[in-house]
Every structure is written in C-alpha cells, then in structure tokens.
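Q: Contents of target.cif (mmCIF, C-alpha atoms) are given next:
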```
data_structure
#
loop_
_atom_site.label_atom_id
_atom_site.label_comp_id
_atom_site.auth_asym_id
_atom_site.auth_seq_id
_atom_site.Cartn_x
_atom_site.Cartn_y
_atom_site.Cartn_z
CA MET A 1 7.54 -19.12 0.07
CA ASP A 2 4.97 -18.33 -2.63
CA LEU A 3 3.00 -15.10 -2.28
CA ILE A 4 0.44 -13.03 -4.16
CA VAL A 5 1.22 -9.30 -3.88
CA ARG A 6 -1.36 -6.67 -4.87
CA ALA A 7 -0.57 -2.95 -5.20
CA GLY A 8 -3.27 -0.83 -6.80
CA SER A 9 -4.56 -2.62 -9.88
CA ARG A 10 -1.37 -4.67 -10.22
CA GLU A 11 -1.07 -8.24 -8.95
CA GLU A 12 2.12 -10.31 -9.02
CA LYS A 13 3.09 -13.84 -8.05
CA VAL A 14 6.22 -13.55 -5.92
CA LYS A 15 8.53 -16.30 -4.70
CA VAL A 16 10.86 -15.50 -1.79
CA ARG A 17 13.75 -17.68 -0.68
CA ARG A 18 16.09 -16.76 2.17
CA GLU A 19 19.76 -17.69 2.21
CA ASP A 20 21.48 -16.46 5.39
CA ASP A 21 20.96 -12.65 5.41
CA VAL A 22 20.13 -12.42 1.71
CA TYR A 23 16.78 -12.92 0.00
CA GLU A 24 16.24 -14.27 -3.48
CA VAL A 25 13.03 -12.70 -4.80
CA THR A 26 11.46 -13.92 -8.04
CA ILE A 27 8.75 -11.83 -9.70
CA GLY A 28 7.54 -13.36 -12.95
CA ASP A 29 10.65 -14.54 -14.79
CA ARG A 30 13.04 -12.08 -13.08
CA THR A 31 15.04 -12.94 -9.97
CA TYR A 32 16.57 -10.33 -7.66
CA ARG A 33 19.14 -10.66 -4.89
CA VAL A 34 18.04 -8.47 -1.98
CA ASP A 35 20.14 -7.58 1.07
CA ALA A 36 17.81 -6.21 3.76
CA ALA A 37 18.65 -4.40 6.98
CA ARG A 38 16.39 -2.66 9.46
CA ALA A 39 17.42 1.01 9.54
CA ARG A 40 15.01 1.79 12.40
CA PRO A 41 11.55 0.57 13.42
CA GLY A 42 9.31 0.61 10.36
CA LEU A 43 12.13 1.49 7.94
CA GLN A 44 14.04 -1.08 5.88
CA SER A 45 17.20 -0.44 3.91
CA LEU A 46 17.34 -2.67 0.83
CA LEU A 47 20.29 -3.29 -1.48
CA ILE A 48 18.98 -4.52 -4.85
CA GLY A 49 21.37 -4.94 -7.75
CA GLY A 50 23.86 -2.54 -6.17
CA ALA A 51 21.27 0.22 -5.64
CA GLN A 52 20.13 1.19 -2.15
CA HIS A 53 16.44 1.78 -1.44
CA GLU A 54 14.73 2.87 1.77
CA VAL A 55 11.26 1.44 2.29
CA ALA A 56 8.93 2.38 5.14
CA VAL A 57 6.47 -0.40 5.96
CA ARG A 58 3.56 -0.10 8.36
CA HIS A 59 1.18 -2.98 9.10
CA GLN A 60 -2.47 -1.91 8.61
CA GLY A 61 -4.36 -5.12 9.13
CA GLU A 62 -4.44 -8.75 8.15
CA GLY A 63 -2.22 -9.02 5.08
CA VAL A 64 -2.32 -5.26 4.37
CA TYR A 65 0.70 -2.96 4.64
CA TRP A 66 1.25 0.71 3.85
CA VAL A 67 4.51 0.92 1.89
CA SER A 68 6.36 4.20 1.23
CA THR A 69 9.32 4.53 -1.12
CA ALA A 70 10.98 7.43 -2.95
CA GLN A 71 8.60 6.65 -5.86
CA GLY A 72 5.41 6.97 -3.80
CA SER A 73 3.31 5.21 -1.22
CA GLY A 74 0.19 3.13 -0.98
CA PRO A 75 -1.43 0.00 0.36
CA VAL A 76 0.04 -3.38 -0.52
CA GLU A 77 -1.83 -6.63 0.10
CA VAL A 78 0.20 -9.79 0.66
CA SER A 79 -1.34 -13.26 0.83
CA ASP A 80 -0.67 -16.87 0.04
CA PRO A 81 -2.21 -18.16 -3.22
CA LEU A 82 -5.09 -20.00 -1.48
CA THR A 83 -6.15 -16.92 0.53
CA ALA A 84 -5.96 -14.76 -2.62
CA LEU A 85 -8.21 -17.19 -4.50
CA ALA A 86 -10.77 -17.22 -1.67
CA THR A 87 -10.78 -13.40 -1.53
CA GLN A 88 -11.34 -13.14 -5.29
CA SER A 89 -14.22 -15.62 -5.07
CA ARG A 90 -15.91 -13.65 -2.27
CA SER A 91 -15.48 -10.27 -3.98
CA GLY A 92 -16.97 -11.66 -7.18
CA GLN A 93 -20.15 -12.61 -5.34
CA GLY A 94 -20.59 -9.32 -3.49
CA GLY A 95 -20.61 -6.85 -6.36
CA ARG A 96 -18.64 -3.63 -5.88
CA ARG A 97 -15.68 -3.57 -3.54
CA ARG A 98 -15.93 -1.19 -0.57
CA GLN A 99 -12.81 0.10 1.16
CA THR A 100 -12.19 2.50 4.03
CA VAL A 101 -8.71 3.99 3.64
CA LYS A 102 -7.12 4.84 6.99
CA ALA A 103 -4.11 6.91 8.00
CA TYR A 104 -1.02 4.71 8.18
CA MET A 105 0.73 7.00 10.67
CA PRO A 106 0.05 10.29 12.49
CA GLY A 107 0.14 13.30 10.19
CA ARG A 108 -1.69 16.29 8.76
CA VAL A 109 -3.96 16.49 5.72
CA VAL A 110 -2.38 18.96 3.27
CA THR A 111 -4.98 18.98 0.49
CA LEU A 112 -7.88 17.05 -1.00
CA LEU A 113 -7.45 16.14 -4.66
CA VAL A 114 -11.03 14.95 -5.27
CA GLU A 115 -14.56 15.59 -3.97
CA GLU A 116 -17.13 13.22 -2.49
CA GLY A 117 -19.03 11.46 -5.25
CA GLN A 118 -16.16 11.75 -7.72
CA GLU A 119 -15.15 8.71 -9.78
CA VAL A 120 -11.46 7.79 -9.53
CA ALA A 121 -9.17 5.37 -11.32
CA ALA A 122 -6.82 2.94 -9.60
CA GLY A 123 -3.66 4.83 -8.68
CA GLN A 124 -5.31 8.28 -8.85
CA GLY A 125 -4.46 10.65 -5.98
CA VAL A 126 -7.28 11.31 -3.51
CA LEU A 127 -5.50 13.43 -0.88
CA VAL A 128 -2.06 14.50 0.30
CA LEU A 129 -0.98 13.56 3.83
CA GLU A 130 2.11 15.03 5.48
CA ALA A 131 3.74 12.47 7.77
CA MET A 132 7.31 12.31 9.08
CA LYS A 133 8.06 15.64 7.30
CA MET A 134 7.21 14.09 3.92
CA GLU A 135 4.16 14.72 1.76
CA ASN A 136 2.56 11.46 0.63
CA GLU A 137 -0.12 11.27 -2.04
CA ILE A 138 -2.74 8.78 -0.88
CA ARG A 139 -4.09 7.05 -3.97
CA ALA A 140 -7.14 4.99 -4.82
CA GLU A 141 -6.31 1.30 -4.70
CA HIS A 142 -8.96 0.41 -7.29
CA ASP A 143 -11.36 2.09 -9.71
CA GLY A 144 -14.47 3.40 -7.98
CA THR A 145 -16.31 6.32 -6.44
CA VAL A 146 -15.15 8.28 -3.40
CA THR A 147 -18.33 7.93 -1.34
CA LYS A 148 -17.17 9.73 1.83
CA ILE A 149 -14.24 11.97 2.80
CA HIS A 150 -13.69 11.97 6.57
CA VAL A 151 -11.03 14.72 6.73
CA GLN A 152 -10.37 18.28 5.61
CA PRO A 153 -7.19 20.22 4.77
CA GLY A 154 -5.16 21.15 7.85
CA GLN A 155 -6.70 18.41 9.98
CA ALA A 156 -4.39 16.31 12.15
CA VAL A 157 -4.93 12.54 11.95
CA ASP A 158 -3.71 9.65 14.06
CA ASN A 159 -2.70 6.18 12.91
CA GLY A 160 -5.86 4.28 11.98
CA ASN A 161 -8.15 7.32 11.54
CA PRO A 162 -10.41 6.94 8.48
CA LEU A 163 -9.45 9.25 5.60
CA PHE A 164 -11.96 8.34 2.88
CA GLU A 165 -14.23 5.58 1.61
CA LEU A 166 -13.99 4.11 -1.86
CA GLU A 167 -16.63 1.90 -3.47
#
```
Let's see the structure in the file written out as structure tokens.
A:
Amino acid sequence: MDLIVRAGSREEKVKVRREDDVYEVTIGDRTYRVDAARARPGLQSLLIGGAQHEVAVRHQGEGVYWVSTAQGSGPVEVSDPLTALATQSRSGQGGRRRQTVKAYMPGRVVTLLVEEGQEVAAGQGVLVLEAMKMENEIRAEHDGTVTKIHVQPGQAVDNGNPLFELE
C-alpha cells in the first residue's frame, strides 16, 4: 500500500507491506521491519530494529490522526497519492491554509506559549496540554499566524474541543 504521510512541514512517501503479523515499512530508500501489538485501546507497542516504542494514536477526522510518542506529539495526515495531489491542488488555489486545532483527548490546558496574532513556524509550540498524566506540547502544523486561541491556562477540555486557529 502506497501512502503519503505529512507531519508538520515534513512529507514522506511510505510503502507498507504486511507479512503475517509483521509489517515491512519503506520510507524513502530505507526499509524497516515493524512488529506491532495493541497494548490497549489507542496505544500501540512497536518493535522496530530491536527497540520498543509506544505510540498513542487517536483518529481526529478523515485521514488525520493525533500521534504521541516519547519524542513528542502532533497531527499526522495520511492519504493515498491521488488524494494528496488533489488536496495540494485545492490548497494552491485558495491562498493561505486555515486550520482549527482541536483537543485529541480530554485534558487540561497547562500554559499558552504564544498570543493571538503571533506568527509561528511549523513545529513551534503553541500550548501545553496535560492529558493522561502527561504534558504534551501542541505545535503548529505549518507556518502561519495564530488567529484565535479558544482556551486559557487551567481550563479543562474534552476530545474535539477547539484549542486554537492557525492561518
């Protein structure tokens, strides 16, 4: 299966092939053997090259997932090559890209790292959300301006609540 995977400003062509309970994942010219097991709902345990990784994955919408690892968390878009091409064509016609970032699970806003109207770079932290006893820095997916912040420090949020808007 051929996929286009976008995380922040990075985009990769990924090929996934399943053999029994093992996946062969090719990213660029590198191929990885991945053993995957569901640790509990929403949490995958992956064995990649002898190293174990826990990855929390929460579906946010069509082709969009919130992925949390020990290295950080953020939105990941997954699509087939044809859908990715159509999306790029549409976004090129419409000018700036507008995005409403929503809470991926219930939690509490710890702190805001930017103010409304502030310009941010792709990957820059916008706020810190505590969820499942872990603090997660919610980052801008692309360069832009934070046009609206819907939350304040200490506020509880539910899955799907808007956090901020980025244009």
Q: Name all residues at most 12 Å from Asp158 in chain A (count all atoms listed in the file; drop same-chain ones fewer than 6 positions away) and give them as a list in words.
A: Lys102, Ala103, Tyr104, Met105, Pro106, Gly107, Arg108, Val109, Leu129, Glu130, Ala131 and Val151 of chain A
Q: Under the rule that all atoms listed in the file are counted, which of A:Arg98, A:Arg139, A:Lys148, A:His53 is the nearest residue to Ser9 in chain A?
A: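 Checking each candidate against Ser9 in chain A, we get A:Arg139 as the closest.
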Q: Care to translate the PyMOL selection byres ((chain A and resi 33) around 8) into actual residues of this file, as a list in words?
A: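 This file, filtered by the PyMOL selection byres ((chain A and resi 33) around 8), leaves Val22, Tyr23, Glu24, Val25, Thr31, Tyr32, Val34, Asp35, Ile48 and Gly49 of chain A.
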Q: So that I can check the surroundings of Ile27 in chain A, please list as a list in words every protein, DNA and RNA residue that reaches within 10 Å of it, counting only C-alpha atoms and ignoring chain neighbours fewer than 2 positions away.
A: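 Once the nearby chain positions are removed, what remains is Leu3, Val5, Glu12, Lys13, Val14, Lys15, Val16, Val25, Asp29, Arg30, Thr31 and Tyr32 of chain A.
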Q: I'd like the neighbourhood of Val78 in chain A as an NGL selection string, where a residue qualifies if any of its atoms comes within 8 Å (using all atoms listed in the file), though same-chain residues fewer than 6 positions away should be ignored.
A: :A and (3-6 or 63-65)
Q: For this file, the PyMOL selection byres ((chain A and resi 68) around 10) selects which residues, as a list in words?
A: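 When the PyMOL selection byres ((chain A and resi 68) around 10) is applied to the shown file, the picked residues are Leu43, Glu54, Val55, Ala56, Val57, Arg58, Tyr65, Trp66, Val67, Thr69, Ala70, Gln71, Gly72, Ser73, Gly74, Pro75 and Asn136 of chain A.
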Q: Pick out the residues sitting within 7 Å of range 116-123 of chain A, and hand them over as number ranges by chain; count all atoms listed in the file, and ignore anything fewer than 4 positions along from it in its own chain.
A: A: 8-9, 139-149
Q: Please expand the PyMOL selection byres ((chain A and resi 152) around 10) into the concrete residues it hits in this file, giving the result as an MDAnalysis selection string.
A: chainID A and resid 108:112 127 149:151 153:156 163
Q: To one decimal in Å, tell me the separation between CA of Val114 in chain A and CA of Glu135 in chain A.
A: 16.7 Å
Q: Can you work out which one of A:Ser79, A:Ala39, A:Phe164, A:Leu113 has the shortest atom-to-atom distance to Val126 in chain A, counting only C-alpha atoms?
A: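 Answer, going by the shortest atom-to-atom distance: A:Leu113.
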Q: Of the candidates A:Ala7, A:Val157, A:Ala51, A:Met134, which one gets nearest to Ala36 in chain A if we count only C-alpha atoms?
A: A:Ala51
Q: In Å, how far is it from CA of Gly160 in chain A to CA of Arg38 in chain A?
A: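 CA of Gly160 in chain A sits 23.4 Å away from CA of Arg38 in chain A.
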Q: Just how far from CA of Gln124 in chain A is CA of Asp80 in chain A, in Å to one decimal?
A: 27.1 Å
